[in-house]
Each structure stands twice: as structure tokens, then as C-alpha cells.
$ cat work-v5.txt   # compact mmCIF, C-alpha atoms (C1' of nucleotides)
# COMPACT_ATOMS: atom_id res chain seq x y z
CA MET Y 1 17.30 17.00 -8.94
CA ARG Y 2 14.83 19.36 -8.13
CA ASP Y 3 13.23 19.25 -4.82
CA LYS Y 4 14.53 19.74 -1.43
CA PRO Y 5 17.02 17.43 0.12
CA GLY Y 6 14.45 15.77 2.33
CA PRO Y 7 15.34 12.83 4.52
CA ALA Y 8 17.48 10.22 2.88
CA ALA Y 9 15.34 8.39 0.36
CA ASP Y 10 11.91 9.92 0.90
CA ALA Y 11 9.75 8.07 3.31
CA GLU Y 12 7.49 7.29 0.38
CA SER Y 13 10.17 5.18 -1.22
CA ILE Y 14 10.75 3.40 2.01
CA GLN Y 15 7.09 2.61 2.40
CA GLU Y 16 6.80 1.42 -1.16
CA ASP Y 17 9.65 -0.95 -0.63
CA LEU Y 18 8.20 -2.01 2.67
CA TRP Y 19 4.80 -2.87 1.25
CA THR Y 20 6.49 -4.81 -1.51
CA ALA Y 21 8.38 -6.87 1.00
CA VAL Y 22 5.29 -7.56 3.09
CA ARG Y 23 3.33 -8.46 0.00
CA GLY Y 24 6.10 -10.89 -0.91
CA ILE Y 25 5.41 -13.03 2.12
CA PRO Y 26 3.85 -16.26 0.89
CA VAL Y 27 0.53 -17.43 2.24
CA GLY Y 28 0.78 -19.58 5.33
CA LYS Y 29 3.99 -17.86 6.43
CA VAL Y 30 4.90 -14.96 8.66
CA ALA Y 31 7.88 -12.68 9.17
CA THR Y 32 9.06 -10.73 12.18
CA TYR Y 33 9.49 -6.95 12.18
CA GLY Y 34 13.22 -7.34 12.30
CA ASP Y 35 13.14 -9.70 9.34
CA VAL Y 36 10.91 -7.43 7.29
CA ALA Y 37 13.19 -4.54 8.10
CA ASP Y 38 16.04 -6.61 6.80
CA PHE Y 39 14.20 -7.57 3.63
CA THR Y 40 13.27 -4.03 2.80
CA SER Y 41 16.01 -2.28 2.24
CA THR Y 42 16.87 0.37 0.14
CA VAL Y 43 17.60 1.86 3.48
CA LYS Y 44 18.34 -0.14 6.57
CA LEU Y 45 15.31 0.06 8.76
CA THR Y 46 14.98 -1.05 12.35
CA ALA Y 47 12.19 -3.14 13.78
CA ARG Y 48 10.68 -0.03 15.37
CA GLN Y 49 10.63 1.87 12.12
CA VAL Y 50 8.78 -0.97 10.44
CA GLY Y 51 6.22 -1.18 13.21
CA ARG Y 52 5.65 2.53 13.07
CA LEU Y 53 5.20 2.55 9.30
CA MET Y 54 2.93 -0.46 9.54
CA SER Y 55 0.20 1.73 10.95
CA LEU Y 56 0.19 3.49 7.60
CA CYS Y 57 0.08 0.37 5.51
CA PRO Y 58 -2.47 0.74 2.68
CA GLU Y 59 -5.10 -1.79 1.61
CA GLY Y 60 -3.91 -4.86 -0.19
CA VAL Y 61 -0.98 -5.35 2.11
CA PRO Y 62 -1.08 -8.51 4.25
CA TRP Y 63 0.14 -6.70 7.34
CA HIS Y 64 -1.26 -9.54 9.40
CA ARG Y 65 1.67 -11.67 8.22
CA VAL Y 66 4.04 -9.40 10.09
CA VAL Y 67 4.46 -10.42 13.71
CA GLY Y 68 6.83 -9.75 16.55
CA ALA Y 69 9.85 -11.84 17.52
CA GLY Y 70 8.90 -15.28 18.75
CA GLY Y 71 5.50 -14.99 17.11
CA MET Y 72 4.00 -12.57 19.60
CA LEU Y 73 1.24 -10.17 18.55
CA PRO Y 74 2.19 -6.78 20.02
CA ILE Y 75 -0.73 -5.28 18.16
CA GLY Y 76 -2.99 -5.95 21.11
CA LYS Y 77 -1.45 -2.88 22.71
CA LEU Y 78 -2.64 -0.66 19.95
CA SER Y 79 -5.95 -2.16 18.94
CA PRO Y 80 -7.42 -5.29 20.49
CA ALA Y 81 -9.73 -5.65 17.53
CA ALA Y 82 -6.80 -5.68 15.14
CA GLU Y 83 -5.19 -8.48 17.09
CA ALA Y 84 -8.29 -10.61 16.70
CA GLU Y 85 -8.42 -9.80 13.02
CA GLN Y 86 -4.80 -10.69 12.49
CA ARG Y 87 -5.27 -13.93 14.33
CA ALA Y 88 -8.31 -14.81 12.23
CA ARG Y 89 -6.55 -13.98 8.97
CA LEU Y 90 -3.48 -15.98 9.84
CA THR Y 91 -5.63 -18.94 10.76
CA ALA Y 92 -7.37 -18.62 7.41
CA ASP Y 93 -3.96 -18.65 5.76
CA GLY Y 94 -3.16 -21.96 7.41
CA VAL Y 95 -0.97 -20.63 10.22
CA ARG Y 96 -1.16 -22.51 13.50
CA PHE Y 97 -1.17 -20.90 16.92
CA LEU Y 98 0.29 -22.21 20.11
CA GLY Y 99 -1.66 -22.44 23.32
CA SER Y 100 -0.05 -19.29 24.62
CA GLY Y 101 -1.57 -17.22 21.85
CA ARG Y 102 1.65 -17.09 19.90
CA ILE Y 103 2.33 -18.30 16.40
CA ASP Y 104 4.14 -21.50 15.69
CA MET Y 105 7.22 -19.84 14.26
CA THR Y 106 9.02 -23.16 14.17
CA SER Y 107 7.07 -23.86 11.02
CA HIS Y 108 5.99 -20.52 9.62
CA ARG Y 109 8.98 -18.23 10.13
CA CYS Y 110 10.18 -16.56 6.98
CA GLY Y 111 13.87 -15.75 6.92
CA PRO Y 112 15.98 -13.46 4.72
CA GLY Y 113 16.37 -15.19 1.40
CA ASP Y 114 13.20 -17.16 1.87
CA LEU Y 115 11.31 -14.15 0.69
CA PRO Y 116 10.78 -13.73 -3.08
CA GLY Y 117 10.87 -10.00 -2.58
CA PRO Y 118 13.38 -7.48 -3.99
CA LEU Y 119 16.08 -9.00 -1.89
CA GLU Y 120 17.06 -11.51 -4.51
CA GLU Y 121 20.52 -11.13 -5.87
C1' DA L 122 16.93 20.92 23.77
C1' DT L 123 15.23 17.20 27.18
C1' DA L 124 12.09 13.61 28.45
C1' DG L 125 8.60 10.29 27.57
C1' DT L 126 6.51 6.90 24.62
C1' DG L 127 5.90 3.28 21.15
C1' DA L 128 2.58 -2.62 15.87
C1' DC L 129 10.38 -4.26 18.52
C1' DA L 130 14.62 -7.33 19.54
C1' DA L 131 18.28 -9.53 21.92
C1' DA L 132 20.56 -10.56 26.23
C1' DT L 133 20.31 -11.73 31.08
C1' DG L 134 18.62 -13.79 35.59
C1' DT S 135 8.94 -19.71 30.59
C1' DC S 136 8.60 -15.12 32.24
C1' DA S 137 10.28 -10.47 33.88
C1' DT S 138 13.65 -6.96 33.47
C1' DT S 139 17.00 -4.04 31.06
C1' DT S 140 19.22 -1.90 27.09
C1' DG S 141 19.50 -0.34 22.30
C1' DC S 142 17.07 1.50 18.35
C1' DC S 143 14.79 5.46 15.78
C1' DA S 144 11.03 8.77 15.17
C1' DC S 145 7.32 11.49 17.11
C1' DT S 146 5.14 14.47 20.71
C1' DA S 147 4.83 17.45 24.87
$ encode --input "work-v5.txt" --output "C-alpha cells"
Amino acid sequence: MRDKPGPAADAESIQEDLWTAVRGIPVGKVATYGDVADFTSTVKLTARQVGRLMSLCPEGVPWHRVVGAGGMLPIGKLSPAAEAEQRARLTADGVRFLGSGRIDMTSHRCGPGDLPGPLEE
DNA sequence: ATAGTGACAAATG
DNA sequence: TCATTTGCCACTA
């Protein structure tokens, strides 16, 4: 190995795996940060880690399919415009919203194993 | 090194 | 259903 002993499994690898997991979310479905963190995993990530890395997510990644627990959109805290965009994209994907501005997780929640990502065994 | 903050989550009242 | 508190991990002052 050549290279310094950086942080366990370079952050690049983590991101790559993360994007793959997010991209594996089927259209019309959504996953929570905790779920995505569970899918990804070459290294066990926590919901916060996922959220933090999400800000770096490159183009082509349906980040809008990643929501908070219960279908809340915590993005509004960071960028109100992004929240509107996410909402519009999800609607275009066929996701329904509840009157409280939250997503109808009862029908769109993606659980571990329901994702065609690298988690398969 | 300590404290504060943040695209979160689960438990509690 | 909502508000509060605690745990989590990384970054910034």
C-alpha cells in the first residue's frame, strides 16, 4: 500500500458507495438518512454522516429521494429553495405528500433489503 | 483541548 | 401530534 494511512476507508470510497445506494432507490420511493446509512456500508455510517455527505453529492444522484425520519424535509433549514425542488421532484416521481408537508412514508418508505443496491447478499 | 453547531433518529411526556 | 432531550459523528471557532 502506498499512501498514508488516512481515515479508515477513504472518504472517497464512502461517498462512492453512498451515491450508489442513493442511486439504487427506485423511482416513486424514498429512504430515510438512517436507512441509507444502513444500506451503504462498507463502513457503518450514521444518519448525520449521510446528511453531511449529502451536501457533496454530485450530479446524477437523486438526493431528493433521501428524506428524514417520518418523511420530514430537514433541508428547509439549509436551503429553502432546495426543499421546494425536492418536493417538486418527488411529486414528479409519483410520491404523495401529506397535508403537513411530509411524505406519505406509509407507501413510499424503502427499507433495508428493499433496495437493489450493493446490500444484496 | 473545549464548546457549539448541524440535510438526523429514537424515546419520552 | 408536537415539543423536548439524548446520542451520534465530524467540522469550526
$ closest_atom_pairs --input "work-v5.txt" --of "region 37-110 of chain Y" --to "region 140-145 of chain S" --cutoff "7 Å" --atoms "all atoms listed in the file" --output "Markdown table"
| residue | atom | partner | partner_atom | distance |
| --- | --- | --- | --- | --- |
| Y:Thr46 | CA | S:DC142 | C1' | 6.8 |
| Y:Arg48 | CA | S:DC143 | C1' | 6.9 |
| Y:Gln49 | CA | S:DC143 | C1' | 6.6 |
$ residues_around --input "work-v5.txt" --residues "Leu53 (chain Y)" --least-positions-apart "4" --cutoff "12 Å" --atoms "all atoms listed in the file" --output "PyMOL selection string"
(chain Y and resi 11-19+22+33+36-37+45-49+57-58+63) or (chain L and resi 127-128) or (chain S and resi 143-144)
$ residues_near_point --input "work-v5.txt" --point "(9.0, 13.1, 26.8)" --cutoff "9 Å" --atoms "all atoms listed in the file" --output "count of residues only"
6
$ atom_distance --input "work-v5.txt" --atom1 "CA of Val95 (chain Y)" --atom2 "CA of Gly28 (chain Y)"
5.3 Å
$ atom_distance --input "work-v5.txt" --atom1 "CA of Ser55 (chain Y)" --atom2 "CA of Ala21 (chain Y)"
15.5 Å
